file upload.cif (mmCIF, C-alpha atoms and all ligand atoms)
data_run
loop_
_atom_site.group_PDB
_atom_site.id
_atom_site.type_symbol
_atom_site.label_atom_id
_atom_site.label_comp_id
_atom_site.auth_asym_id
_atom_site.auth_seq_id
_atom_site.Cartn_x
_atom_site.Cartn_y
_atom_site.Cartn_z
ATOM 1 C CA MET P 27 37.806 15.312 79.238
ATOM 2 C CA THR P 28 37.045 17.040 82.536
ATOM 3 C CA GLU P 29 38.874 20.266 83.206
ATOM 4 C CA ALA P 30 41.862 20.076 85.584
ATOM 5 C CA LYS P 31 41.100 21.235 89.111
ATOM 6 C CA VAL P 32 43.026 24.181 90.503
ATOM 7 C CA ALA P 33 45.210 23.715 93.585
ATOM 8 C CA LEU P 34 46.664 26.555 95.643
ATOM 9 C CA VAL P 35 49.840 25.852 97.633
ATOM 10 C CA THR P 36 51.086 28.555 100.002
ATOM 11 C CA GLY P 37 54.849 28.764 100.521
ATOM 12 C CA ALA P 38 55.732 26.868 97.349
ATOM 13 C CA SER P 39 59.103 28.549 96.760
ATOM 14 C CA ARG P 40 61.158 25.964 98.657
ATOM 15 C CA GLY P 41 61.134 23.012 101.009
ATOM 16 C CA ILE P 42 57.974 20.999 101.523
ATOM 17 C CA GLY P 43 55.736 23.456 99.642
ATOM 18 C CA ALA P 44 57.866 23.290 96.486
ATOM 19 C CA ALA P 45 57.679 19.470 96.568
ATOM 20 C CA ILE P 46 53.904 19.593 97.101
ATOM 21 C CA ALA P 47 53.433 21.952 94.150
ATOM 22 C CA ILE P 48 55.371 19.577 91.890
ATOM 23 C CA ALA P 49 53.503 16.500 93.166
ATOM 24 C CA LEU P 50 50.116 18.150 92.555
ATOM 25 C CA ALA P 51 51.151 19.316 89.078
ATOM 26 C CA ASP P 52 52.262 15.732 88.321
ATOM 27 C CA ALA P 53 48.884 14.496 89.592
ATOM 28 C CA GLY P 54 47.125 16.669 86.997
ATOM 29 C CA PHE P 55 46.140 19.747 88.989
ATOM 30 C CA ARG P 56 46.726 23.256 87.722
ATOM 31 C CA VAL P 57 48.823 24.666 90.512
ATOM 32 C CA ALA P 58 49.141 28.174 91.899
ATOM 33 C CA GLY P 59 52.124 28.424 94.246
ATOM 34 C CA THR P 60 53.012 31.393 96.419
ATOM 35 C CA ALA P 61 56.196 33.041 97.690
ATOM 36 C CA THR P 62 56.769 36.225 99.687
ATOM 37 C CA SER P 63 58.842 37.898 96.957
ATOM 38 C CA GLU P 64 58.369 38.709 93.299
ATOM 39 C CA ALA P 65 61.525 36.772 92.408
ATOM 40 C CA GLY P 66 60.299 33.740 94.364
ATOM 41 C CA ALA P 67 56.942 33.898 92.580
ATOM 42 C CA ALA P 68 58.623 34.062 89.180
ATOM 43 C CA ALA P 69 60.829 31.071 90.045
ATOM 44 C CA ILE P 70 57.772 29.010 91.016
ATOM 45 C CA GLY P 71 56.085 29.849 87.719
ATOM 46 C CA GLN P 72 59.209 28.840 85.857
ATOM 47 C CA ALA P 73 59.681 25.585 87.772
ATOM 48 C CA LEU P 74 56.067 24.493 87.291
ATOM 49 C CA GLY P 75 55.577 25.554 83.672
ATOM 50 C CA ALA P 76 53.069 27.469 81.582
ATOM 51 C CA GLU P 77 49.857 25.753 82.760
ATOM 52 C CA HIS P 78 50.592 26.832 86.318
ATOM 53 C CA LEU P 79 51.146 30.057 88.217
ATOM 54 C CA GLY P 80 53.625 31.531 90.679
ATOM 55 C CA LEU P 81 52.513 34.539 92.669
ATOM 56 C CA GLU P 82 53.377 36.730 95.613
ATOM 57 C CA MET P 83 51.476 36.397 98.878
ATOM 58 C CA ASN P 84 52.276 37.493 102.409
ATOM 59 C CA LEU P 85 50.150 35.641 104.952
ATOM 60 C CA GLU P 86 50.567 38.474 107.450
ATOM 61 C CA SER P 87 48.656 40.909 105.246
ATOM 62 C CA ASP P 88 44.902 40.822 104.531
ATOM 63 C CA ASP P 89 45.446 42.889 101.376
ATOM 64 C CA SER P 90 48.243 40.709 100.018
ATOM 65 C CA VAL P 91 46.176 37.543 100.529
ATOM 66 C CA ALA P 92 43.065 39.079 98.938
ATOM 67 C CA GLU P 93 45.056 40.323 95.942
ATOM 68 C CA ALA P 94 46.733 36.950 95.390
ATOM 69 C CA LEU P 95 43.461 35.024 95.639
ATOM 70 C CA LYS P 96 41.886 37.379 93.106
ATOM 71 C CA ALA P 97 44.786 36.774 90.698
ATOM 72 C CA VAL P 98 44.546 32.984 91.049
ATOM 73 C CA GLU P 99 40.825 33.009 90.358
ATOM 74 C CA ALA P 100 41.221 35.320 87.355
ATOM 75 C CA THR P 101 44.088 33.319 85.848
ATOM 76 C CA LEU P 102 43.380 29.668 86.667
ATOM 77 C CA GLY P 103 39.903 29.631 88.235
ATOM 78 C CA ALA P 104 38.633 28.976 91.766
ATOM 79 C CA PRO P 105 40.912 26.607 93.723
ATOM 80 C CA LEU P 106 39.166 23.423 94.880
ATOM 81 C CA VAL P 107 42.323 22.180 96.576
ATOM 82 C CA LEU P 108 44.047 24.339 99.174
ATOM 83 C CA VAL P 109 47.314 23.397 100.819
ATOM 84 C CA ASN P 110 48.044 25.709 103.743
ATOM 85 C CA ASN P 111 51.748 24.967 103.814
ATOM 86 C CA ALA P 112 53.591 28.248 104.478
ATOM 87 C CA GLY P 113 54.841 28.539 108.026
ATOM 88 C CA ILE P 114 57.670 29.974 110.086
ATOM 89 C CA THR P 115 59.589 29.417 113.314
ATOM 90 C CA GLN P 116 61.090 32.040 115.625
ATOM 91 C CA ASP P 117 62.495 29.918 118.417
ATOM 92 C CA ASN P 118 63.326 31.107 121.892
ATOM 93 C CA LEU P 119 62.909 29.878 125.434
ATOM 94 C CA MET P 120 59.741 31.335 126.950
ATOM 95 C CA LEU P 121 61.645 33.491 129.440
ATOM 96 C CA ARG P 122 63.471 35.148 126.543
ATOM 97 C CA MET P 123 60.688 35.154 123.957
ATOM 98 C CA SER P 124 59.628 38.609 122.812
ATOM 99 C CA VAL P 125 56.032 39.597 122.152
ATOM 100 C CA GLU P 126 57.100 40.135 118.528
ATOM 101 C CA GLN P 127 58.326 36.530 118.223
ATOM 102 C CA TRP P 128 55.080 35.211 119.688
ATOM 103 C CA VAL P 129 52.855 37.423 117.543
ATOM 104 C CA LYS P 130 54.721 36.886 114.267
ATOM 105 C CA VAL P 131 54.573 33.094 114.487
ATOM 106 C CA MET P 132 50.915 33.065 115.551
ATOM 107 C CA ASP P 133 49.983 35.600 112.870
ATOM 108 C CA THR P 134 51.699 33.737 110.026
ATOM 109 C CA ASN P 135 50.912 30.154 111.028
ATOM 110 C CA ALA P 136 47.454 30.509 112.598
ATOM 111 C CA ASN P 137 45.876 33.788 111.453
ATOM 112 C CA GLY P 138 47.229 33.206 107.941
ATOM 113 C CA LEU P 139 45.199 30.018 107.794
ATOM 114 C CA PHE P 140 42.014 32.004 108.429
ATOM 115 C CA ARG P 141 42.932 34.667 105.861
ATOM 116 C CA VAL P 142 43.430 32.185 103.026
ATOM 117 C CA THR P 143 40.862 29.506 103.819
ATOM 118 C CA LYS P 144 37.722 31.560 104.433
ATOM 119 C CA PRO P 145 37.517 33.244 101.009
ATOM 120 C CA LEU P 146 38.020 29.920 99.199
ATOM 121 C CA LEU P 147 35.182 28.064 100.937
ATOM 122 C CA ARG P 148 32.429 29.553 98.794
ATOM 123 C CA GLY P 149 33.916 28.212 95.544
ATOM 124 C CA MET P 150 34.374 24.758 97.055
ATOM 125 C CA MET P 151 30.804 24.746 98.403
ATOM 126 C CA LYS P 152 29.485 25.724 94.980
ATOM 127 C CA ALA P 153 31.428 22.875 93.384
ATOM 128 C CA ARG P 154 30.381 20.517 96.196
ATOM 129 C CA PHE P 155 33.998 19.425 96.265
ATOM 130 C CA GLY P 156 37.011 20.598 98.175
ATOM 131 C CA ARG P 157 40.240 19.419 99.727
ATOM 132 C CA ILE P 158 41.865 21.506 102.434
ATOM 133 C CA ILE P 159 45.203 20.233 103.712
ATOM 134 C CA ASN P 160 46.964 22.064 106.515
ATOM 135 C CA LEU P 161 50.607 21.635 107.516
ATOM 136 C CA SER P 162 50.962 21.045 111.241
ATOM 137 C CA SER P 163 54.063 19.595 112.916
ATOM 138 C CA VAL P 164 55.038 16.820 115.305
ATOM 139 C CA ILE P 165 55.825 19.684 117.684
ATOM 140 C CA ALA P 166 52.081 20.365 118.196
ATOM 141 C CA ARG P 167 51.729 17.082 120.116
ATOM 142 C CA ARG P 168 55.259 16.312 121.263
ATOM 143 C CA GLY P 169 56.216 19.847 122.322
ATOM 144 C CA ASN P 170 59.774 21.158 122.173
ATOM 145 C CA ALA P 171 61.704 23.493 124.465
ATOM 146 C CA GLY P 172 62.143 26.844 122.738
ATOM 147 C CA GLN P 173 59.131 26.440 120.478
ATOM 148 C CA ALA P 174 56.132 27.455 122.631
ATOM 149 C CA ASN P 175 54.981 29.913 119.953
ATOM 150 C CA TYR P 176 55.376 27.384 117.115
ATOM 151 C CA ALA P 177 53.741 24.546 119.112
ATOM 152 C CA ALA P 178 50.791 26.812 119.985
ATOM 153 C CA SER P 179 50.378 27.861 116.357
ATOM 154 C CA LYS P 180 50.412 24.249 115.125
ATOM 155 C CA GLY P 181 47.983 23.214 117.896
ATOM 156 C CA ALA P 182 45.718 25.893 116.439
ATOM 157 C CA VAL P 183 46.135 24.360 112.974
ATOM 158 C CA GLU P 184 44.979 20.955 114.241
ATOM 159 C CA GLY P 185 41.965 22.327 116.173
ATOM 160 C CA PHE P 186 40.960 24.419 113.170
ATOM 161 C CA THR P 187 41.163 21.298 110.990
ATOM 162 C CA ARG P 188 38.755 19.305 113.180
ATOM 163 C CA ALA P 189 36.243 22.139 113.574
ATOM 164 C CA LEU P 190 36.161 23.137 109.910
ATOM 165 C CA ALA P 191 35.867 19.491 108.831
ATOM 166 C CA GLN P 192 32.595 19.305 110.754
ATOM 167 C CA GLU P 193 31.278 22.540 109.227
ATOM 168 C CA VAL P 194 31.845 21.691 105.583
ATOM 169 C CA GLY P 195 31.722 17.891 105.376
ATOM 170 C CA SER P 196 28.147 17.851 104.106
ATOM 171 C CA ARG P 197 29.319 19.889 101.069
ATOM 172 C CA GLY P 198 31.832 17.288 99.952
ATOM 173 C CA ILE P 199 34.786 19.199 101.376
ATOM 174 C CA THR P 200 37.407 17.335 103.393
ATOM 175 C CA VAL P 201 39.763 19.078 105.800
ATOM 176 C CA ASN P 202 42.850 17.309 107.060
ATOM 177 C CA ALA P 203 46.219 18.139 108.563
ATOM 178 C CA VAL P 204 49.596 16.585 107.967
ATOM 179 C CA ALA P 205 52.099 16.628 110.828
ATOM 180 C CA PRO P 206 55.678 16.053 109.650
ATOM 181 C CA GLY P 207 58.565 15.253 111.936
ATOM 182 C CA PHE P 208 62.029 16.393 110.877
ATOM 183 C CA ILE P 209 62.185 16.930 107.145
ATOM 184 C CA GLU P 210 65.336 18.089 105.370
ATOM 185 C CA THR P 211 64.550 21.711 104.380
ATOM 186 C CA GLU P 212 65.938 25.170 105.104
ATOM 187 C CA MET P 213 63.785 25.204 108.255
ATOM 188 C CA THR P 214 65.805 22.330 109.747
ATOM 189 C CA ALA P 215 69.161 23.096 108.066
ATOM 190 C CA GLY P 216 70.043 25.579 110.806
ATOM 191 C CA LEU P 217 70.086 22.951 113.580
ATOM 192 C CA GLY P 218 73.584 22.250 114.908
ATOM 193 C CA GLU P 219 75.445 18.944 114.380
ATOM 194 C CA GLU P 220 74.835 17.748 117.948
ATOM 195 C CA VAL P 221 71.100 18.538 117.893
ATOM 196 C CA THR P 222 70.797 16.838 114.504
ATOM 197 C CA GLU P 223 72.521 13.670 115.760
ATOM 198 C CA ASN P 224 70.408 13.521 118.939
ATOM 199 C CA LEU P 225 67.271 13.892 116.883
ATOM 200 C CA ARG P 226 68.284 11.269 114.353
ATOM 201 C CA SER P 227 68.871 8.707 117.097
ATOM 202 C CA ALA P 228 65.309 9.282 118.394
ATOM 203 C CA ILE P 229 63.745 8.499 114.990
ATOM 204 C CA ALA P 230 62.713 4.833 114.550
ATOM 205 C CA LEU P 231 63.637 4.907 110.858
ATOM 206 C CA GLY P 232 67.015 6.474 111.720
ATOM 207 C CA ARG P 233 66.848 9.326 109.225
ATOM 208 C CA PHE P 234 65.214 12.663 108.531
ATOM 209 C CA GLY P 235 62.364 12.694 106.008
ATOM 210 C CA ALA P 236 62.390 14.081 102.477
ATOM 211 C CA ALA P 237 60.054 16.834 101.311
ATOM 212 C CA SER P 238 58.917 14.528 98.507
ATOM 213 C CA GLU P 239 57.636 12.021 101.098
ATOM 214 C CA VAL P 240 55.401 14.659 102.693
ATOM 215 C CA ALA P 241 54.312 15.764 99.218
ATOM 216 C CA ALA P 242 53.223 12.214 98.344
ATOM 217 C CA LEU P 243 50.953 12.135 101.406
ATOM 218 C CA VAL P 244 49.477 15.536 100.572
ATOM 219 C CA ALA P 245 48.861 14.461 96.960
ATOM 220 C CA PHE P 246 47.008 11.399 98.240
ATOM 221 C CA LEU P 247 44.832 13.548 100.541
ATOM 222 C CA ALA P 248 44.035 15.776 97.548
ATOM 223 C CA SER P 249 43.006 12.823 95.406
ATOM 224 C CA ASP P 250 39.542 11.341 94.877
ATOM 225 C CA GLY P 251 40.741 8.211 96.668
ATOM 226 C CA ALA P 252 40.983 10.115 99.954
ATOM 227 C CA GLY P 253 37.342 11.240 99.829
ATOM 228 C CA TYR P 254 36.331 9.489 103.077
ATOM 229 C CA ILE P 255 39.104 10.928 105.274
ATOM 230 C CA THR P 256 38.328 14.155 107.089
ATOM 231 C CA GLY P 257 39.192 15.949 110.332
ATOM 232 C CA GLU P 258 42.357 13.885 110.727
ATOM 233 C CA THR P 259 45.908 14.891 111.520
ATOM 234 C CA ILE P 260 48.158 12.382 109.841
ATOM 235 C CA ALA P 261 51.646 11.984 111.302
ATOM 236 C CA ILE P 262 54.628 11.548 108.983
ATOM 237 C CA ASN P 263 57.647 11.471 111.252
ATOM 238 C CA GLY P 264 59.564 8.220 110.729
ATOM 239 C CA GLY P 265 58.496 6.999 114.160
ATOM 240 C CA LEU P 266 59.884 9.980 116.091
ATOM 241 C CA TYR P 267 56.595 10.286 117.963
ATOM 242 C CA MET P 268 53.823 7.702 117.885
ATOM 243 C CA ASN P 269 50.302 8.420 119.112
HETATM 244 P P1 LIG X 301 60.695 26.531 104.580
HETATM 245 O O1 LIG X 301 61.640 25.725 103.791
HETATM 246 O O2 LIG X 301 61.221 27.457 105.633
HETATM 247 O O3 LIG X 301 59.734 27.363 103.563
HETATM 248 C C1 LIG X 301 58.743 28.204 104.108
HETATM 249 C C2 LIG X 301 57.814 28.673 103.007
HETATM 250 O O4 LIG X 301 56.822 29.531 103.582
HETATM 251 C C3 LIG X 301 58.537 29.463 101.932
HETATM 252 O O5 LIG X 301 57.932 29.209 100.689
HETATM 253 C C4 LIG X 301 58.285 30.896 102.363
HETATM 254 O O6 LIG X 301 58.310 31.830 101.287
HETATM 255 C C5 LIG X 301 56.888 30.804 102.925
HETATM 256 N N1 LIG X 301 56.582 31.880 103.877
HETATM 257 C C6 LIG X 301 57.324 32.278 104.940
HETATM 258 N N2 LIG X 301 56.741 33.324 105.557
HETATM 259 C C7 LIG X 301 55.614 33.602 104.865
HETATM 260 C C8 LIG X 301 54.595 34.583 104.964
HETATM 261 N N3 LIG X 301 54.593 35.516 105.929
HETATM 262 N N4 LIG X 301 53.601 34.587 104.051
HETATM 263 C C9 LIG X 301 53.562 33.668 103.060
HETATM 264 N N5 LIG X 301 54.496 32.713 102.896
HETATM 265 C C10 LIG X 301 55.510 32.681 103.785
HETATM 266 O O7 LIG X 301 59.616 25.616 105.350
HETATM 267 P P2 LIG X 301 59.375 24.022 105.255
HETATM 268 O O8 LIG X 301 60.372 23.362 106.127
HETATM 269 O O9 LIG X 301 59.210 23.607 103.849
HETATM 270 O O10 LIG X 301 57.955 23.918 106.017
HETATM 271 C C11 LIG X 301 56.718 23.967 105.332
HETATM 272 C C12 LIG X 301 55.599 23.710 106.334
HETATM 273 O O11 LIG X 301 55.814 22.457 106.987
HETATM 274 C C13 LIG X 301 55.541 24.754 107.467
HETATM 275 O O12 LIG X 301 54.199 25.001 107.810
HETATM 276 C C14 LIG X 301 56.265 24.068 108.603
HETATM 277 O O13 LIG X 301 55.859 24.557 109.851
HETATM 278 C C15 LIG X 301 55.855 22.624 108.384
HETATM 279 N N6 LIG X 301 56.793 21.661 108.958
HETATM 280 C C16 LIG X 301 58.092 21.568 108.529
HETATM 281 C C17 LIG X 301 58.931 20.618 109.097
HETATM 282 C C18 LIG X 301 60.354 20.445 108.664
HETATM 283 O O14 LIG X 301 61.051 19.592 109.256
HETATM 284 N N7 LIG X 301 60.858 21.132 107.672
HETATM 285 C C19 LIG X 301 58.459 19.800 110.110
HETATM 286 C C20 LIG X 301 57.148 19.926 110.533
HETATM 287 C C21 LIG X 301 56.322 20.856 109.938
HETATM 288 P P3 LIG X 301 59.682 32.619 100.879
HETATM 289 O O15 LIG X 301 60.556 31.607 100.188
HETATM 290 O O16 LIG X 301 59.234 33.695 99.990
HETATM 291 O O17 LIG X 301 60.278 33.099 102.170
#

call {"tool": "encode", "arguments": {"input": "upload.cif", "output": "structure tokens"}}
result
Amino acid sequence: MTEAKVALVTGASRGIGAAIAIALADAGFRVAGTATSEAGAAAIGQALGAEHLGLEMNLESDDSVAEALKAVEATLGAPLVLVNNAGITQDNLMLRMSVEQWVKVMDTNANGLFRVTKPLLRGMMKARFGRIINLSSVIARRGNAGQANYAASKGAVEGFTRALAQEVGSRGITVNAVAPGFIETEMTAGLGEEVTENLRSAIALGRFGAASEVAALVAFLASDGAGYITGETIAINGGLYMN
């Protein structure tokens, strides 16, 4: 029997990341999932079970990322699957947006990608196998008033995906992005009733998506069957935006 591959999922404490961690565990990976708090990390470990790992990681901190990656490698081994899922919004119209709101979203969503991905490439190259899956958003292409920082950060995710795919393809590493539309999580729970209704009516399938539906797509991209897909951003938005 071949040993189970290790998958690292950032932001696995809730929402889409939690569903991805479960889907990858079900698919036979040994999963390390991260949260920003000790309690969140412990809850992930408990939800996934003994073969897996929950740990603390703050994408805004070089030291926190380095420490977490060291712990994953020591406990489970080098991750050959990386799901860059953790992300934040800090919405505001551009005229009112503070430098802090711009910087925080860019630092977490774009710089965080660099902090986590770079150190894991060596292990994937050595194994001549890797799957890197980055969470973008429909907002990167569609745009949305009040989300210039978030749209810019997710545009960065998609450009990064295409460039890195070209760098590492010859080593058997695929790099793809997944761009969800509106998925029912805490990130979208704060939208008002009117906004929610307007959005729903613009979605061809007439409903918001479930985190488990995004997780199923990510699990496919992590599988051997997806070995000839790279550099793509795959939309999963119920027909909210077609391109
Ligand atoms: P969510 O429910 O708000 O969960 C966010 C996750 O990211 C949590 O696990 C959180 O950890 C973690 N996180 C937040 N700040 C972090 C930081 N500085 N360092 C490390 N981890 C951090 O989000 P979601 O809705 O599941 O979204 C997941 C991904 O999908 C994001 O990249 C998001 O942009 C993208 N997306 C979501 C939707 C949607 O409709 N929900 C649509 C398109 C794209 P804690 O629990 O410890 O705070």

call {"tool": "resolve_selection", "arguments": {"input": "upload.cif", "expression": "the PyMOL selection byres (((not hetatm)) within 8 of (chain X and resi 301))", "output": "ChimeraX atom specification"}}
result
/P:36-44,60-63,66-67,82-86,110-115,134-135,138,160-165,176,180,205-214,235,237

call {"tool": "write_last_selection", "arguments": {"input": "upload.cif", "atoms": "C-alpha atoms", "output": "short mmCIF file (atom, residue, chain, number, x, y, z; two decimals), in the frame of the given file"}}
result
data_model
loop_
_atom_site.label_atom_id
_atom_site.label_comp_id
_atom_site.auth_asym_id
_atom_site.auth_seq_id
_atom_site.Cartn_x
_atom_site.Cartn_y
_atom_site.Cartn_z
CA THR P 36 51.09 28.56 100.00
CA GLY P 37 54.85 28.76 100.52
CA ALA P 38 55.73 26.87 97.35
CA SER P 39 59.10 28.55 96.76
CA ARG P 40 61.16 25.96 98.66
CA GLY P 41 61.13 23.01 101.01
CA ILE P 42 57.97 21.00 101.52
CA GLY P 43 55.74 23.46 99.64
CA ALA P 44 57.87 23.29 96.49
CA THR P 60 53.01 31.39 96.42
CA ALA P 61 56.20 33.04 97.69
CA THR P 62 56.77 36.22 99.69
CA SER P 63 58.84 37.90 96.96
CA GLY P 66 60.30 33.74 94.36
CA ALA P 67 56.94 33.90 92.58
CA GLU P 82 53.38 36.73 95.61
CA MET P 83 51.48 36.40 98.88
CA ASN P 84 52.28 37.49 102.41
CA LEU P 85 50.15 35.64 104.95
CA GLU P 86 50.57 38.47 107.45
CA ASN P 110 48.04 25.71 103.74
CA ASN P 111 51.75 24.97 103.81
CA ALA P 112 53.59 28.25 104.48
CA GLY P 113 54.84 28.54 108.03
CA ILE P 114 57.67 29.97 110.09
CA THR P 115 59.59 29.42 113.31
CA THR P 134 51.70 33.74 110.03
CA ASN P 135 50.91 30.15 111.03
CA GLY P 138 47.23 33.21 107.94
CA ASN P 160 46.96 22.06 106.52
CA LEU P 161 50.61 21.64 107.52
CA SER P 162 50.96 21.04 111.24
CA SER P 163 54.06 19.60 112.92
CA VAL P 164 55.04 16.82 115.30
CA ILE P 165 55.82 19.68 117.68
CA TYR P 176 55.38 27.38 117.12
CA LYS P 180 50.41 24.25 115.12
CA ALA P 205 52.10 16.63 110.83
CA PRO P 206 55.68 16.05 109.65
CA GLY P 207 58.56 15.25 111.94
CA PHE P 208 62.03 16.39 110.88
CA ILE P 209 62.18 16.93 107.14
CA GLU P 210 65.34 18.09 105.37
CA THR P 211 64.55 21.71 104.38
CA GLU P 212 65.94 25.17 105.10
CA MET P 213 63.78 25.20 108.26
CA THR P 214 65.81 22.33 109.75
CA GLY P 235 62.36 12.69 106.01
CA ALA P 237 60.05 16.83 101.31
#

call {"tool": "atom_distance", "arguments": {"input": "upload.cif", "atom1": "atom CA of Val35 of chain P", "atom2": "atom CA of Met132 of chain P"}}
result
19.3 Å

call {"tool": "residues_around", "arguments": {"input": "upload.cif", "residues": "Ala171 of chain P", "least_positions_apart": "3", "cutoff": "9 Å", "atoms": "all atoms listed in the file", "output": "PyMOL selection string"}}
result
chain P and resi 117-120+174

call {"tool": "residues_around", "arguments": {"input": "upload.cif", "residues": "Leu50 of chain P", "least_positions_apart": "5", "cutoff": "7 Å", "atoms": "only C-alpha atoms", "output": "JSON, numbers by chain"}}
result
{"P": [55, 57, 245]}

call {"tool": "atom_distance", "arguments": {"input": "upload.cif", "atom1": "atom CA of Leu106 of chain P", "atom2": "atom CA of Gly156 of chain P"}}
result
4.8 Å

call {"tool": "closest_residue", "arguments": {"input": "upload.cif", "among": "P:Ile70, P:Leu217, P:Ala178, P:Leu95", "to": "Trp128 of chain P", "atoms": "all atoms listed in the file"}}
result
P:Ala178

call {"tool": "atom_distance", "arguments": {"input": "upload.cif", "atom1": "atom CA of Leu231 of chain P", "atom2": "atom CA of Ala53 of chain P"}}
result
27.6 Å

call {"tool": "resolve_selection", "arguments": {"input": "upload.cif", "expression": "the PyMOL selection byres (((chain P and resi 229) around 12) and not hetatm)", "output": "ChimeraX atom specification"}}
result
/P:207-209,222-228,230-235,262-268

call {"tool": "closest_residue", "arguments": {"input": "upload.cif", "among": "P:Gly169, P:Pro145, P:Pro105, P:Gly185", "to": "Arg157 of chain P", "atoms": "only C-alpha atoms"}}
result
P:Pro105

call {"tool": "closest_residue", "arguments": {"input": "upload.cif", "among": "P:Arg154, P:Thr187, P:Ala45, P:Asp52", "to": "Ala236 of chain P", "atoms": "all atoms listed in the file"}}
result
P:Ala45

call {"tool": "build_atoms", "arguments": {"input": "upload.cif", "residues": "segment 73-91 of chain P", "atoms": "N, CA and C atoms", "output": "PDB file, in the coordinates of the input"}}
result
ATOM      1  N   ALA P  73      59.466  26.998  87.407  1.00  0.00           N
ATOM      2  CA  ALA P  73      59.681  25.585  87.772  1.00  0.00           C
ATOM      3  C   ALA P  73      58.472  24.733  87.389  1.00  0.00           C
ATOM      4  N   LEU P  74      57.274  25.300  87.535  1.00  0.00           N
ATOM      5  CA  LEU P  74      56.067  24.493  87.291  1.00  0.00           C
ATOM      6  C   LEU P  74      55.666  24.445  85.816  1.00  0.00           C
ATOM      7  N   GLY P  75      55.913  25.537  85.097  1.00  0.00           N
ATOM      8  CA  GLY P  75      55.577  25.554  83.672  1.00  0.00           C
ATOM      9  C   GLY P  75      54.327  26.371  83.363  1.00  0.00           C
ATOM     10  N   ALA P  76      54.047  26.495  82.086  1.00  0.00           N
ATOM     11  CA  ALA P  76      53.069  27.469  81.582  1.00  0.00           C
ATOM     12  C   ALA P  76      51.631  27.255  82.055  1.00  0.00           C
ATOM     13  N   GLU P  77      51.238  26.037  82.339  1.00  0.00           N
ATOM     14  CA  GLU P  77      49.857  25.753  82.760  1.00  0.00           C
ATOM     15  C   GLU P  77      49.587  26.230  84.181  1.00  0.00           C
ATOM     16  N   HIS P  78      50.688  26.569  84.882  1.00  0.00           N
ATOM     17  CA  HIS P  78      50.592  26.832  86.318  1.00  0.00           C
ATOM     18  C   HIS P  78      50.926  28.300  86.601  1.00  0.00           C
ATOM     19  N   LEU P  79      50.981  28.644  87.879  1.00  0.00           N
ATOM     20  CA  LEU P  79      51.146  30.057  88.217  1.00  0.00           C
ATOM     21  C   LEU P  79      51.970  30.216  89.497  1.00  0.00           C
ATOM     22  N   GLY P  80      52.916  31.160  89.455  1.00  0.00           N
ATOM     23  CA  GLY P  80      53.625  31.531  90.679  1.00  0.00           C
ATOM     24  C   GLY P  80      53.210  32.935  91.043  1.00  0.00           C
ATOM     25  N   LEU P  81      52.922  33.176  92.308  1.00  0.00           N
ATOM     26  CA  LEU P  81      52.513  34.539  92.669  1.00  0.00           C
ATOM     27  C   LEU P  81      52.923  34.886  94.088  1.00  0.00           C
ATOM     28  N   GLU P  82      52.922  36.219  94.331  1.00  0.00           N
ATOM     29  CA  GLU P  82      53.377  36.730  95.613  1.00  0.00           C
ATOM     30  C   GLU P  82      52.220  36.718  96.606  1.00  0.00           C
ATOM     31  N   MET P  83      52.497  36.315  97.831  1.00  0.00           N
ATOM     32  CA  MET P  83      51.476  36.397  98.878  1.00  0.00           C
ATOM     33  C   MET P  83      52.163  36.451 100.238  1.00  0.00           C
ATOM     34  N   ASN P  84      51.767  37.423 101.042  1.00  0.00           N
ATOM     35  CA  ASN P  84      52.276  37.493 102.409  1.00  0.00           C
ATOM     36  C   ASN P  84      51.123  37.201 103.355  1.00  0.00           C
ATOM     37  N   LEU P  85      51.242  36.083 104.073  1.00  0.00           N
ATOM     38  CA  LEU P  85      50.150  35.641 104.952  1.00  0.00           C
ATOM     39  C   LEU P  85      49.855  36.612 106.087  1.00  0.00           C
ATOM     40  N   GLU P  86      50.779  37.518 106.352  1.00  0.00           N
ATOM     41  CA  GLU P  86      50.567  38.474 107.450  1.00  0.00           C
ATOM     42  C   GLU P  86      49.687  39.651 107.028  1.00  0.00           C
ATOM     43  N   SER P  87      49.382  39.734 105.743  1.00  0.00           N
ATOM     44  CA  SER P  87      48.656  40.909 105.246  1.00  0.00           C
ATOM     45  C   SER P  87      47.330  40.526 104.597  1.00  0.00           C
ATOM     46  N   ASP P  88      46.236  41.069 105.114  1.00  0.00           N
ATOM     47  CA  ASP P  88      44.902  40.822 104.531  1.00  0.00           C
ATOM     48  C   ASP P  88      44.890  41.210 103.057  1.00  0.00           C
ATOM     49  N   ASP P  89      45.485  42.372 102.750  1.00  0.00           N
ATOM     50  CA  ASP P  89      45.446  42.889 101.376  1.00  0.00           C
ATOM     51  C   ASP P  89      46.230  41.992 100.430  1.00  0.00           C
ATOM     52  N   SER P  90      47.418  41.564 100.871  1.00  0.00           N
ATOM     53  CA  SER P  90      48.243  40.709 100.018  1.00  0.00           C
ATOM     54  C   SER P  90      47.524  39.402  99.722  1.00  0.00           C
ATOM     55  N   VAL P  91      46.892  38.815 100.735  1.00  0.00           N
ATOM     56  CA  VAL P  91      46.176  37.543 100.529  1.00  0.00           C
ATOM     57  C   VAL P  91      45.014  37.762  99.557  1.00  0.00           C
TER      58      VAL P  91
END
